[in-house]
Amino acid sequence: MSLIKSISGIRGTIGGATGDTLNPLDIVKFTTAYATFIRKQTNEEDGYTPSNRIVVGRDARISGEMVNNIVCGTLMGMGYDVINIGLASTPTTELAVTMAGADGGIIITASHNPRHWNALKLLNRHGEFLTAADGGEVLKIAEEEAFVYADVEHLGKYTEENFDNRHVESILNLKLVDADKIHEKRFTVCVDAINSVGSIILPKLLDRLGVGYTILNKEPNGDFEHNPEPLEKNLQGIMSEMKTGRYNLGIVVDPDVDRLAFITEEGKMFGEEYTLVAVADYILSEMSESENHPPLNTVSNLSSTRALRDVTERYGGTYTAAAVGEVNVTTKMKETGAVIGGEGNGGVIYPDSHYGRDALAGIGLFLSLLAKKDCKVSELRATYPEYHIAKNRIDLTPETDVDAILAQVKEKYSAMDDVQVNDIDGVKIDFADKWVHLRKSNTEPIIRIYSEAHTMDEADALGKSIMDIVYSMA
């Protein structure tokens, strides 16, 4: 059993002792801390009049109803009016915050984690995840437990509202989502909705786009048919279905629909890393045709494929790497004026929609690209630079000074010619045609090592060579 507290919220396994799991008492504690923080923040913000509303949405996890009831009741006890949007994707909940003019929002989802996990993810009034400083303040308030609840005259009200159609409409209204062209192509797709909210909202989007579809794992009951992380080893069902030849594209989402992966018409992985690459290619291509386009800048995190940089530079844009974590990516996107960004785990962040990973935006943009290219998915994939990422880890003892090891690695490679070292999040070493990224775990004595090269053998060999160096330093 475990309870993990971080700046983005809390997550843990359901059931067990308080303080060590995601249980009713700890849910109340952290919901109260969040509400306390939001009230203080919005009351002190110049030029903003608080609405006293907070949006709550959840994925279809088995524990979702229990957690949802506690969260909503606690917020009402803090004097907040709750807009419960029920079963909803993470991007839908993010958009609902701004559409409803709410002061914040709570998403109840453990994303790609297994069925016995759940989590609270915390949003500000812009429908974006809290910054590191704001998340730290919530944790501090929770630790102090100096809570003050509303009296009976000031308890919050409860309403239910659905924002799915407004989310879909917002996607259709994006300038670069060419719904007419998609309609013309009469695509047929297969969708793995992993027994969660994707099975509810994706048909609404596909219907509006004139796309035929078959939904696998469509019952939104949280009893996931397979491990919900959209990796190749977990997707044999849809890959087999795609090999029947009945579909143009396979679409895979995680339980809260903020990650997106594609399967080719041949039943092969398009590559989760390449979801963002393809969408970026489309956006940069379309924008580059305008004489007065803004800088064609992009952002992804340090552990994402170099292919995005290659595609960006092809259009004369500038690629920037951010620390791992969605809030770090969106912050860097705002700083650089990026027109598209995201994470290599299939997270597409399109500012013209909102600053959050959104599989619906990714689907609309990718289908527009496919329709205009008039090619097969496998043919599209072949147009992008070929890279492979190997993932390894080093298990150390609790006594090991991980920071000291990373510092030694940085020092060693900083002295080398034609090598770039970035230490904004662990240590990333960029060579001419490959890279390796070392990050320490915040909860265990572990160093995770991601490495990328043109072949998997090269990538794995690079990671293993760095592991040998680390072991010699430990």
# chains A, B, ... in the order shown; residues from 1 in each chain; ligands from 1
>>> select_by_dssp(residues="segment 235-456 of chain A", states="alpha helix (DSSP H)", output="ChimeraX atom specification")
/A:236-242,272-288,307-314,326-336,359-373,377-381,402-414,456
>>> closest_atom_pairs(of="segment 317-406 of chain A", to="segment 110-121 of chain A", cutoff="12 Å", atoms="only C-alpha atoms", output="CSV")
residue,atom,partner,partner_atom,distance
A:Glu326,CA,A:Lys121,CA,11.9
A:Val327,CA,A:Lys121,CA,11.9
A:Asn345,CA,A:His112,CA,10.7
A:Gly346,CA,A:His112,CA,11.8
A:Gly347,CA,A:Ser111,CA,11.9
A:Arg357,CA,A:Ser111,CA,11.9
>>> select_by_dssp(residues="segment 99-347 of chain A", states="strand (DSSP E)", output="NGL selection string")
:A and (104-108 or 117-123 or 158-160 or 188-192 or 212-216 or 249-253 or 260-263 or 298-301 or 319-322 or 340-343 or 347)
>>> residues_around(residues="Gly12 of chain A", least_positions_apart="5", cutoff="6 Å", atoms="only C-alpha atoms", output="short mmCIF file (atom, residue, chain, number, x, y, z; two decimals) with C-alpha atoms, in the first residue's frame")
data_model
loop_
_atom_site.label_atom_id
_atom_site.label_comp_id
_atom_site.auth_asym_id
_atom_site.auth_seq_id
_atom_site.Cartn_x
_atom_site.Cartn_y
_atom_site.Cartn_z
CA SER A 2 1.20 3.54 -0.62
CA LEU A 3 0.25 7.22 -0.53
CA ILE A 4 2.38 9.55 -2.64
CA THR A 21 -3.06 4.89 1.44
CA LEU A 22 -5.65 6.94 -0.41
CA TRP A 117 -4.97 3.26 -7.57
CA ASN A 118 -6.68 6.64 -7.56
#
>>> residues_around(residues="segment 287-300 of chain A", least_positions_apart="3", cutoff="10 Å", atoms="only C-alpha atoms", output="number ranges by chain")
A: 176, 276-277, 280, 282-284, 303-306, 308-309, 311-313, 315-326, 328-334, 336-344, 347-349
>>> write_last_selection(atoms="N, CA and C atoms", output="CSV table (one decimal), in the first residue's frame")
chain,number,residue,atom,x,y,z
A,176,LEU,N,-7.3,24.6,-37.2
A,176,LEU,CA,-6.5,23.6,-37.9
A,176,LEU,C,-7.2,22.2,-37.9
A,276,LEU,N,3.0,13.2,-30.8
A,276,LEU,CA,3.3,14.7,-30.8
A,276,LEU,C,4.1,15.1,-32.0
A,277,VAL,N,5.0,14.3,-32.4
A,277,VAL,CA,5.8,14.6,-33.6
A,277,VAL,C,4.9,14.8,-34.8
A,280,ALA,N,2.7,18.0,-34.4
A,280,ALA,CA,3.6,19.1,-34.6
A,280,ALA,C,3.9,19.4,-36.0
A,282,TYR,N,2.1,18.6,-38.6
A,282,TYR,CA,1.0,19.2,-39.3
A,282,TYR,C,0.8,20.7,-38.9
A,283,ILE,N,0.9,21.0,-37.7
A,283,ILE,CA,0.7,22.4,-37.3
A,283,ILE,C,1.7,23.3,-37.8
A,284,LEU,N,3.0,22.9,-37.8
A,284,LEU,CA,4.1,23.7,-38.3
A,284,LEU,C,4.0,23.9,-39.8
A,303,SER,N,12.9,13.9,-21.6
A,303,SER,CA,13.0,12.5,-21.9
A,303,SER,C,12.2,12.1,-23.2
A,304,SER,N,11.8,13.1,-24.0
A,304,SER,CA,11.1,12.9,-25.2
A,304,SER,C,12.0,12.8,-26.4
A,305,THR,N,11.5,12.2,-27.5
A,305,THR,CA,12.3,11.9,-28.7
A,305,THR,C,12.9,13.2,-29.3
A,306,ARG,N,14.1,13.0,-29.9
A,306,ARG,CA,14.7,14.1,-30.6
A,306,ARG,C,14.0,14.4,-31.9
A,308,LEU,N,11.1,15.4,-32.5
A,308,LEU,CA,10.4,16.7,-32.5
A,308,LEU,C,11.3,17.9,-32.8
A,309,ARG,N,12.5,17.8,-32.3
A,309,ARG,CA,13.5,18.9,-32.6
A,309,ARG,C,13.8,18.9,-34.1
A,311,VAL,N,12.0,17.8,-36.6
A,311,VAL,CA,10.8,18.3,-37.4
A,311,VAL,C,10.7,19.8,-37.2
A,312,THR,N,10.9,20.3,-36.0
A,312,THR,CA,10.8,21.8,-35.8
A,312,THR,C,11.8,22.5,-36.6
A,313,GLU,N,13.0,22.1,-36.6
A,313,GLU,CA,14.1,22.8,-37.3
A,313,GLU,C,13.9,22.7,-38.8
A,315,TYR,N,11.2,23.3,-40.2
A,315,TYR,CA,10.4,24.5,-40.6
A,315,TYR,C,11.0,25.8,-40.1
A,316,GLY,N,12.2,25.8,-39.6
A,316,GLY,CA,12.9,27.0,-39.2
A,316,GLY,C,12.5,27.4,-37.8
A,317,GLY,N,11.9,26.5,-37.0
A,317,GLY,CA,11.5,26.9,-35.7
A,317,GLY,C,12.6,26.5,-34.7
A,318,THR,N,12.3,26.8,-33.4
A,318,THR,CA,13.2,26.5,-32.3
A,318,THR,C,12.6,25.5,-31.4
A,319,TYR,N,13.3,24.5,-31.1
A,319,TYR,CA,12.8,23.5,-30.1
A,319,TYR,C,13.5,23.8,-28.8
A,320,THR,N,12.7,23.7,-27.7
A,320,THR,CA,13.2,23.8,-26.3
A,320,THR,C,12.8,22.7,-25.5
A,321,ALA,N,13.7,22.1,-24.7
A,321,ALA,CA,13.4,21.0,-23.7
A,321,ALA,C,13.0,21.6,-22.4
A,322,ALA,N,12.0,21.0,-21.7
A,322,ALA,CA,11.6,21.4,-20.4
A,322,ALA,C,11.8,20.2,-19.5
A,323,ALA,N,11.8,20.5,-18.2
A,323,ALA,CA,11.9,19.5,-17.2
A,323,ALA,C,10.6,18.6,-17.3
A,324,VAL,N,10.8,17.3,-16.9
A,324,VAL,CA,9.7,16.4,-17.0
A,324,VAL,C,8.5,16.8,-16.1
A,325,GLY,N,7.3,16.7,-16.6
A,325,GLY,CA,6.1,17.1,-15.8
A,325,GLY,C,5.3,18.1,-16.6
A,326,GLU,N,4.0,17.9,-16.7
A,326,GLU,CA,3.2,18.7,-17.6
A,326,GLU,C,3.2,20.2,-17.3
A,328,ASN,N,5.7,21.8,-16.1
A,328,ASN,CA,7.0,22.3,-16.5
A,328,ASN,C,6.9,22.6,-18.0
A,329,VAL,N,6.3,21.7,-18.8
A,329,VAL,CA,6.2,21.8,-20.2
A,329,VAL,C,5.3,23.0,-20.6
A,330,THR,N,4.2,23.2,-19.9
A,330,THR,CA,3.3,24.3,-20.2
A,330,THR,C,4.0,25.7,-19.9
A,331,THR,N,4.7,25.7,-18.7
A,331,THR,CA,5.4,26.9,-18.3
A,331,THR,C,6.4,27.3,-19.4
A,332,LYS,N,7.2,26.3,-19.9
A,332,LYS,CA,8.2,26.6,-20.9
A,332,LYS,C,7.5,27.0,-22.2
A,333,MET,N,6.4,26.4,-22.5
A,333,MET,CA,5.7,26.8,-23.8
A,333,MET,C,5.3,28.2,-23.7
A,334,LYS,N,4.8,28.7,-22.6
A,334,LYS,CA,4.4,30.1,-22.4
A,334,LYS,C,5.6,31.0,-22.6
A,336,THR,N,8.4,30.5,-24.2
A,336,THR,CA,8.9,30.5,-25.6
A,336,THR,C,7.9,30.8,-26.7
A,337,GLY,N,6.7,31.0,-26.3
A,337,GLY,CA,5.6,31.2,-27.3
A,337,GLY,C,5.4,30.0,-28.2
A,338,ALA,N,5.6,28.8,-27.7
A,338,ALA,CA,5.5,27.6,-28.5
A,338,ALA,C,4.1,27.4,-29.1
A,339,VAL,N,4.0,27.0,-30.3
A,339,VAL,CA,2.7,26.8,-31.0
A,339,VAL,C,2.1,25.4,-30.8
A,340,ILE,N,3.0,24.5,-30.3
A,340,ILE,CA,2.6,23.1,-30.0
A,340,ILE,C,3.7,22.6,-29.1
A,341,GLY,N,3.2,21.7,-28.2
A,341,GLY,CA,4.2,21.0,-27.3
A,341,GLY,C,3.5,19.8,-26.6
A,342,GLY,N,4.2,19.3,-25.7
A,342,GLY,CA,3.7,18.1,-25.0
A,342,GLY,C,4.8,17.2,-24.5
A,343,GLU,N,4.4,16.0,-24.3
A,343,GLU,CA,5.3,15.0,-23.7
A,343,GLU,C,5.3,13.7,-24.6
A,344,GLY,N,6.5,13.0,-24.6
A,344,GLY,CA,6.6,11.9,-25.5
A,344,GLY,C,5.8,10.7,-25.1
A,347,GLY,N,1.3,12.8,-25.0
A,347,GLY,CA,0.6,14.0,-24.5
A,347,GLY,C,0.7,15.2,-25.4
A,348,VAL,N,-0.4,15.6,-26.0
A,348,VAL,CA,-0.4,16.7,-27.0
A,348,VAL,C,-1.0,17.9,-26.3
A,349,ILE,N,-0.2,19.0,-26.3
A,349,ILE,CA,-0.7,20.3,-25.7
A,349,ILE,C,-0.7,21.3,-26.7
>>> atom_distance(atom1="atom CA of Pro91 of chain A", atom2="atom CA of His437 of chain A")
28.6 Å
